[in-house]
Amino acid sequence: MTRPSTAITDVPSGLGFRIGIDVGGTWIKGAIISMSNGTPVSGVRQLRTPTSGRPDAVADTLSQLIDELGSESPGQTDPAVGVAIPSIVQHGVARSAANMDDSWIGLDVQAYLRERLGRPVCVVNDADAAGMAETHYGVGKDKHGVVLVLTLGTGIGSALIVDGKLVPNFELGHLEIDGYKAESRASAIARENEGLSWVEYADRLQQYLSHVEFLFSPDLIIIGGGISACSNEYLPRLSLRAPVIPASLENSAGVVGAALQATTS
């Protein structure tokens with residue numbers, strides 16, 4: 001990221017289309033995004049993440065994906081690319097690496113990708129990207145105060161938006177609950193691995209969210225990730241002060257948020 005916080009309430013007009021890419025441990029997804037409404041053009045493309053997970057191999061895949069997307073643009077596409085990565089990102093530098101090679105840690109990913117791809121690149125944490133997308137285009141649009149976006153998947157991704165501004169790298173999946181890292185107990189993969197019923201999982205999620213609510217007092221909690229499609233199984237069982245609602249952008253949130261991040265570069 002290029003600044004401590006990112007304004008997401010005002011996207012400059014006239015941007016047309018930008019490319020957003022979401023780098024995951026298994027798939028790299030990308031799309032041309034209409035910045036007027038956050039809609040992916042011609043759907044979201046994906047290529048398998050290189051097994052090595054190394055920066056050079058990932059950069060080659062990004063280049064291939066950008067070339068493929070270039071043929072789909074319905075109009076003038078800005079050369080800037082937003083890239084969401086599963087890492088703490090501080091001023092463009094990766095400070096962690098989740099499901100990626102450790103050679104990412106300490107790398108100025110933003111500068112590296114700008115050189116490798118030959119175009120402006122803005123890098124953002126993947127959960128932050130999803131949070132920005134939901135706040136600007138999704139169910140969090142026009143919501144004021146403190147909005148917490150959580151993505152429940154292999155781990156727990158989190159993004160905190162305060163009065164329309166992102167607090168970057170808000171790693172709430174690493175909070176400790178009963179001596180365990182929260183994401184090892186309340187993530188979607190934890191439910192699957194332990195064979196938890198929805199009632200049992202809702203109890204886990206209630207404990208985690210109650211702790212988070214006590215610490216940060218959000219005005220709204222948005223639940224994303226693949227498990228959001230089953231929100232009717234567990235959300236009605238939760239009891240919190242803040243409203244808890246499912247995310248609306250689903251699988252495209254990271255890609256849309258990455259493109260949105262490119263507008264701030």
# chains A, B, ... in the order shown; residues from 1 in each chain; ligands from 1
call {"tool": "residues_around", "arguments": {"residues": "A:Asp163", "least_positions_apart": "3", "cutoff": "8 Å", "atoms": "only C-alpha atoms", "output": "list in words"}}
result
His144, Gly145 and Val146 of chain A
call {"tool": "residues_around", "arguments": {"residues": "A:Ala259", "least_positions_apart": "4", "cutoff": "6 Å", "atoms": "only C-alpha atoms", "output": "list in words"}}
result
Arg18, Ile19, Gly20 and Gly82 of chain A
call {"tool": "residues_around", "arguments": {"residues": "stretch 169-172 of chain A", "least_positions_apart": "4", "cutoff": "12 Å", "atoms": "only C-alpha atoms", "output": "MDAnalysis selection string"}}
result
chainID A and resid 1 4:6 85:91 94:96 124:129 131 148:152 155:161 176:177 181:183 186:187 208:209 211:213 215:216
call {"tool": "closest_residue", "arguments": {"among": "A:Gly164, A:Gly153, A:Gly140, A:Gly16", "to": "A:Asn37", "atoms": "only C-alpha atoms"}}
result
A:Gly16
call {"tool": "closest_residue", "arguments": {"among": "A:Ser252, A:Val121, A:Ser217, A:Ala84", "to": "A:Ile21", "atoms": "only C-alpha atoms"}}
result
A:Ala84
call {"tool": "residues_around", "arguments": {"residues": "A:Arg185", "least_positions_apart": "3", "cutoff": "12 Å", "atoms": "only C-alpha atoms", "output": "PDB file with N, CA and C atoms, in the first residue's frame"}}
result
ATOM      1  N   LEU A 152     -14.528 -15.716   5.960  1.00  0.00           N
ATOM      2  CA  LEU A 152     -14.346 -17.009   6.615  1.00  0.00           C
ATOM      3  C   LEU A 152     -14.037 -18.051   5.552  1.00  0.00           C
ATOM      4  N   GLY A 153     -12.803 -18.530   5.555  1.00  0.00           N
ATOM      5  CA  GLY A 153     -12.379 -19.512   4.562  1.00  0.00           C
ATOM      6  C   GLY A 153     -11.345 -20.429   5.173  1.00  0.00           C
ATOM      7  N   THR A 154     -10.191 -20.552   4.503  1.00  0.00           N
ATOM      8  CA  THR A 154      -9.098 -21.341   5.058  1.00  0.00           C
ATOM      9  C   THR A 154      -8.657 -20.764   6.392  1.00  0.00           C
ATOM     10  N   GLY A 155      -8.670 -19.452   6.490  1.00  0.00           N
ATOM     11  CA  GLY A 155      -8.423 -18.737   7.737  1.00  0.00           C
ATOM     12  C   GLY A 155      -9.541 -17.751   7.965  1.00  0.00           C
ATOM     13  N   ILE A 156      -9.240 -16.679   8.688  1.00  0.00           N
ATOM     14  CA  ILE A 156     -10.197 -15.594   8.871  1.00  0.00           C
ATOM     15  C   ILE A 156      -9.510 -14.308   8.430  1.00  0.00           C
ATOM     16  N   GLY A 173      -7.887 -12.555  12.573  1.00  0.00           N
ATOM     17  CA  GLY A 173      -7.887 -14.016  12.595  1.00  0.00           C
ATOM     18  C   GLY A 173      -6.852 -14.577  13.540  1.00  0.00           C
ATOM     19  N   HIS A 174      -5.918 -13.721  13.966  1.00  0.00           N
ATOM     20  CA  HIS A 174      -4.836 -14.178  14.836  1.00  0.00           C
ATOM     21  C   HIS A 174      -5.101 -13.881  16.303  1.00  0.00           C
ATOM     22  N   LEU A 175      -6.287 -13.359  16.630  1.00  0.00           N
ATOM     23  CA  LEU A 175      -6.657 -13.212  18.030  1.00  0.00           C
ATOM     24  C   LEU A 175      -6.679 -14.587  18.698  1.00  0.00           C
ATOM     25  N   GLU A 176      -6.369 -14.623  19.986  1.00  0.00           N
ATOM     26  CA  GLU A 176      -6.364 -15.885  20.712  1.00  0.00           C
ATOM     27  C   GLU A 176      -7.659 -16.051  21.488  1.00  0.00           C
ATOM     28  N   ILE A 177      -8.301 -17.196  21.304  1.00  0.00           N
ATOM     29  CA  ILE A 177      -9.532 -17.533  22.016  1.00  0.00           C
ATOM     30  C   ILE A 177      -9.315 -18.875  22.714  1.00  0.00           C
ATOM     31  N   ASP A 178      -9.433 -18.891  24.037  1.00  0.00           N
ATOM     32  CA  ASP A 178      -9.254 -20.127  24.826  1.00  0.00           C
ATOM     33  C   ASP A 178      -7.936 -20.830  24.516  1.00  0.00           C
ATOM     34  N   GLY A 179      -6.901 -20.039  24.293  1.00  0.00           N
ATOM     35  CA  GLY A 179      -5.582 -20.614  24.050  1.00  0.00           C
ATOM     36  C   GLY A 179      -5.318 -21.036  22.622  1.00  0.00           C
ATOM     37  N   TYR A 180      -6.253 -20.782  21.707  1.00  0.00           N
ATOM     38  CA  TYR A 180      -6.096 -21.153  20.303  1.00  0.00           C
ATOM     39  C   TYR A 180      -6.191 -19.909  19.424  1.00  0.00           C
ATOM     40  N   LYS A 181      -5.487 -19.952  18.308  1.00  0.00           N
ATOM     41  CA  LYS A 181      -5.659 -18.890  17.323  1.00  0.00           C
ATOM     42  C   LYS A 181      -7.090 -18.971  16.794  1.00  0.00           C
ATOM     43  N   ALA A 182      -7.767 -17.827  16.728  1.00  0.00           N
ATOM     44  CA  ALA A 182      -9.191 -17.807  16.398  1.00  0.00           C
ATOM     45  C   ALA A 182      -9.493 -18.513  15.091  1.00  0.00           C
ATOM     46  N   ALA A 188     -14.020 -21.354   8.200  1.00  0.00           N
ATOM     47  CA  ALA A 188     -14.855 -22.318   7.483  1.00  0.00           C
ATOM     48  C   ALA A 188     -14.169 -23.675   7.392  1.00  0.00           C
ATOM     49  N   ILE A 189     -12.856 -23.673   7.182  1.00  0.00           N
ATOM     50  CA  ILE A 189     -12.136 -24.945   7.049  1.00  0.00           C
ATOM     51  C   ILE A 189     -12.107 -25.686   8.378  1.00  0.00           C
ATOM     52  N   ALA A 190     -12.091 -24.935   9.504  1.00  0.00           N
ATOM     53  CA  ALA A 190     -12.131 -25.583  10.814  1.00  0.00           C
ATOM     54  C   ALA A 190     -13.450 -26.335  10.995  1.00  0.00           C
ATOM     55  N   ARG A 191     -14.539 -25.728  10.539  1.00  0.00           N
ATOM     56  CA  ARG A 191     -15.847 -26.400  10.637  1.00  0.00           C
ATOM     57  C   ARG A 191     -15.841 -27.696   9.838  1.00  0.00           C
ATOM     58  N   GLU A 192     -15.273 -27.634   8.626  1.00  0.00           N
ATOM     59  CA  GLU A 192     -15.241 -28.818   7.775  1.00  0.00           C
ATOM     60  C   GLU A 192     -14.329 -29.894   8.361  1.00  0.00           C
ATOM     61  N   ASN A 193     -13.136 -29.496   8.787  1.00  0.00           N
ATOM     62  CA  ASN A 193     -12.162 -30.470   9.290  1.00  0.00           C
ATOM     63  C   ASN A 193     -12.645 -31.175  10.549  1.00  0.00           C
ATOM     64  N   GLU A 194     -13.384 -30.449  11.396  1.00  0.00           N
ATOM     65  CA  GLU A 194     -13.854 -31.036  12.645  1.00  0.00           C
ATOM     66  C   GLU A 194     -15.257 -31.630  12.528  1.00  0.00           C
ATOM     67  N   GLY A 195     -15.867 -31.501  11.359  1.00  0.00           N
ATOM     68  CA  GLY A 195     -17.196 -32.052  11.155  1.00  0.00           C
ATOM     69  C   GLY A 195     -18.246 -31.428  12.057  1.00  0.00           C
ATOM     70  N   LEU A 196     -18.122 -30.117  12.294  1.00  0.00           N
ATOM     71  CA  LEU A 196     -19.053 -29.425  13.186  1.00  0.00           C
ATOM     72  C   LEU A 196     -20.411 -29.256  12.522  1.00  0.00           C
ATOM     73  N   GLU A 200     -23.116 -26.182  16.262  1.00  0.00           N
ATOM     74  CA  GLU A 200     -21.810 -26.159  16.926  1.00  0.00           C
ATOM     75  C   GLU A 200     -20.926 -25.048  16.356  1.00  0.00           C
ATOM     76  N   TYR A 201     -20.978 -24.889  15.044  1.00  0.00           N
ATOM     77  CA  TYR A 201     -20.165 -23.848  14.430  1.00  0.00           C
ATOM     78  C   TYR A 201     -20.654 -22.454  14.840  1.00  0.00           C
ATOM     79  N   ALA A 202     -21.959 -22.264  14.904  1.00  0.00           N
ATOM     80  CA  ALA A 202     -22.504 -20.979  15.320  1.00  0.00           C
ATOM     81  C   ALA A 202     -22.047 -20.631  16.733  1.00  0.00           C
ATOM     82  N   ASP A 203     -21.937 -21.627  17.608  1.00  0.00           N
ATOM     83  CA  ASP A 203     -21.439 -21.387  18.966  1.00  0.00           C
ATOM     84  C   ASP A 203     -19.993 -20.898  18.925  1.00  0.00           C
ATOM     85  N   ARG A 204     -19.185 -21.510  18.079  1.00  0.00           N
ATOM     86  CA  ARG A 204     -17.793 -21.081  17.925  1.00  0.00           C
ATOM     87  C   ARG A 204     -17.733 -19.642  17.412  1.00  0.00           C
ATOM     88  N   LEU A 205     -18.532 -19.376  16.401  1.00  0.00           N
ATOM     89  CA  LEU A 205     -18.525 -18.055  15.780  1.00  0.00           C
ATOM     90  C   LEU A 205     -19.049 -16.999  16.753  1.00  0.00           C
ATOM     91  N   GLN A 206     -20.046 -17.361  17.541  1.00  0.00           N
ATOM     92  CA  GLN A 206     -20.583 -16.451  18.552  1.00  0.00           C
ATOM     93  C   GLN A 206     -19.500 -16.046  19.550  1.00  0.00           C
ATOM     94  N   GLN A 207     -18.726 -16.992  20.010  1.00  0.00           N
ATOM     95  CA  GLN A 207     -17.657 -16.702  20.962  1.00  0.00           C
ATOM     96  C   GLN A 207     -16.625 -15.752  20.353  1.00  0.00           C
ATOM     97  N   TYR A 208     -16.250 -16.032  19.122  1.00  0.00           N
ATOM     98  CA  TYR A 208     -15.261 -15.196  18.443  1.00  0.00           C
ATOM     99  C   TYR A 208     -15.794 -13.788  18.191  1.00  0.00           C
TER     100      TYR A 208
END
call {"tool": "select_by_dssp", "arguments": {"residues": "stretch 20-261 of chain A", "states": "alpha helix (DSSP H)", "output": "PyMOL selection string"}}
result
chain A and resi 55-70+109-117+126-136+183-186+188-194+198-216+253-261
call {"tool": "atom_distance", "arguments": {"atom1": "atom CA of A:Gly53", "atom2": "atom CA of A:Val83"}}
result
15.2 Å
call {"tool": "atom_distance", "arguments": {"atom1": "atom CA of A:Trp27", "atom2": "atom CA of A:Ala130"}}
result
15.9 Å
call {"tool": "residues_around", "arguments": {"residues": "A:Glu250", "least_positions_apart": "4", "cutoff": "8 Å", "atoms": "only C-alpha atoms", "output": "PDB file with C-alpha atoms, in the first residue's frame"}}
result
ATOM      1  CA  GLY A 224     -17.852 -12.954   3.472  1.00  0.00           C
ATOM      2  CA  GLY A 225     -15.898 -15.890   2.108  1.00  0.00           C
ATOM      3  CA  GLY A 226     -17.352 -19.032   0.578  1.00  0.00           C
ATOM      4  CA  SER A 228     -21.398 -16.646   3.278  1.00  0.00           C
ATOM      5  CA  ALA A 229     -23.511 -18.599   0.775  1.00  0.00           C
TER       6      ALA A 229
END
call {"tool": "decode", "arguments": {"residues": "stretch 222-236 of chain A", "atoms": "all heavy atoms", "output": "short mmCIF file (atom, residue, chain, number, x, y, z; two decimals), in the first residue's frame"}}
result
data_model
loop_
_atom_site.label_atom_id
_atom_site.label_comp_id
_atom_site.auth_asym_id
_atom_site.auth_seq_id
_atom_site.Cartn_x
_atom_site.Cartn_y
_atom_site.Cartn_z
N ILE A 222 -19.96 -7.58 8.46
CA ILE A 222 -20.27 -8.23 7.19
C ILE A 222 -19.46 -9.52 7.10
O ILE A 222 -18.24 -9.50 7.27
CB ILE A 222 -19.93 -7.31 6.00
CG1 ILE A 222 -20.76 -6.02 6.08
CG2 ILE A 222 -20.19 -8.03 4.68
CD1 ILE A 222 -20.35 -4.97 5.04
N ILE A 223 -20.13 -10.63 6.85
CA ILE A 223 -19.47 -11.93 6.76
C ILE A 223 -19.36 -12.34 5.29
O ILE A 223 -20.36 -12.47 4.59
CB ILE A 223 -20.25 -13.02 7.53
CG1 ILE A 223 -20.41 -12.63 9.00
CG2 ILE A 223 -19.53 -14.36 7.39
CD1 ILE A 223 -19.13 -12.57 9.78
N GLY A 224 -18.12 -12.53 4.84
CA GLY A 224 -17.85 -12.95 3.47
C GLY A 224 -17.12 -14.28 3.44
O GLY A 224 -17.08 -15.01 4.43
N GLY A 225 -16.51 -14.58 2.30
CA GLY A 225 -15.90 -15.89 2.11
C GLY A 225 -16.93 -16.87 1.57
O GLY A 225 -18.13 -16.58 1.51
N GLY A 226 -16.46 -18.05 1.17
CA GLY A 226 -17.35 -19.03 0.58
C GLY A 226 -18.51 -19.42 1.47
O GLY A 226 -19.61 -19.73 1.00
N ILE A 227 -18.30 -19.36 2.78
CA ILE A 227 -19.32 -19.80 3.73
C ILE A 227 -20.50 -18.81 3.80
O ILE A 227 -21.56 -19.12 4.34
CB ILE A 227 -18.70 -20.00 5.12
CG1 ILE A 227 -19.54 -20.95 5.95
CG2 ILE A 227 -18.47 -18.67 5.82
CD1 ILE A 227 -18.88 -21.40 7.23
N SER A 228 -20.31 -17.63 3.24
CA SER A 228 -21.40 -16.65 3.28
C SER A 228 -22.61 -17.13 2.49
O SER A 228 -23.74 -16.70 2.73
CB SER A 228 -20.93 -15.29 2.73
OG SER A 228 -20.54 -15.39 1.38
N ALA A 229 -22.39 -18.05 1.55
CA ALA A 229 -23.51 -18.60 0.77
C ALA A 229 -24.44 -19.44 1.65
O ALA A 229 -25.59 -19.69 1.28
CB ALA A 229 -22.98 -19.44 -0.39
N CYS A 230 -23.94 -19.88 2.82
CA CYS A 230 -24.75 -20.69 3.74
C CYS A 230 -25.12 -19.89 4.98
O CYS A 230 -25.38 -20.47 6.04
CB CYS A 230 -23.96 -21.94 4.17
SG CYS A 230 -23.37 -22.97 2.81
N SER A 231 -25.17 -18.57 4.85
CA SER A 231 -25.34 -17.70 6.02
C SER A 231 -26.63 -17.97 6.78
O SER A 231 -26.69 -17.76 8.00
CB SER A 231 -25.27 -16.24 5.61
OG SER A 231 -26.28 -15.93 4.67
N ASN A 232 -27.67 -18.45 6.09
CA ASN A 232 -28.93 -18.72 6.78
C ASN A 232 -28.82 -19.88 7.76
O ASN A 232 -29.68 -20.07 8.63
CB ASN A 232 -30.04 -19.01 5.77
CG ASN A 232 -29.75 -20.24 4.93
OD1 ASN A 232 -28.63 -20.45 4.48
ND2 ASN A 232 -30.77 -21.05 4.71
N GLU A 233 -27.73 -20.66 7.67
CA GLU A 233 -27.53 -21.78 8.58
C GLU A 233 -26.97 -21.36 9.93
O GLU A 233 -27.13 -22.07 10.92
CB GLU A 233 -26.57 -22.81 7.94
CG GLU A 233 -27.05 -23.42 6.64
CD GLU A 233 -28.15 -24.44 6.85
OE1 GLU A 233 -28.48 -24.73 8.03
OE2 GLU A 233 -28.70 -24.94 5.85
N TYR A 234 -26.25 -20.22 9.96
CA TYR A 234 -25.60 -19.84 11.22
C TYR A 234 -25.88 -18.40 11.67
O TYR A 234 -25.91 -18.12 12.88
CB TYR A 234 -24.09 -20.07 11.15
CG TYR A 234 -23.39 -19.34 10.03
CD1 TYR A 234 -22.89 -18.05 10.21
CD2 TYR A 234 -23.22 -19.93 8.79
CE1 TYR A 234 -22.26 -17.37 9.18
CE2 TYR A 234 -22.58 -19.26 7.76
CZ TYR A 234 -22.10 -17.99 7.96
OH TYR A 234 -21.47 -17.32 6.95
N LEU A 235 -26.12 -17.47 10.76
CA LEU A 235 -26.34 -16.09 11.18
C LEU A 235 -27.55 -15.93 12.10
O LEU A 235 -27.48 -15.18 13.09
CB LEU A 235 -26.48 -15.17 9.97
CG LEU A 235 -25.21 -14.87 9.17
CD1 LEU A 235 -25.45 -13.73 8.18
CD2 LEU A 235 -24.02 -14.53 10.06
N PRO A 236 -28.68 -16.61 11.84
CA PRO A 236 -29.83 -16.45 12.75
C PRO A 236 -29.55 -16.96 14.16
O PRO A 236 -30.30 -16.61 15.10
CB PRO A 236 -30.92 -17.30 12.07
CG PRO A 236 -30.53 -17.37 10.64
CD PRO A 236 -29.04 -17.43 10.66
#
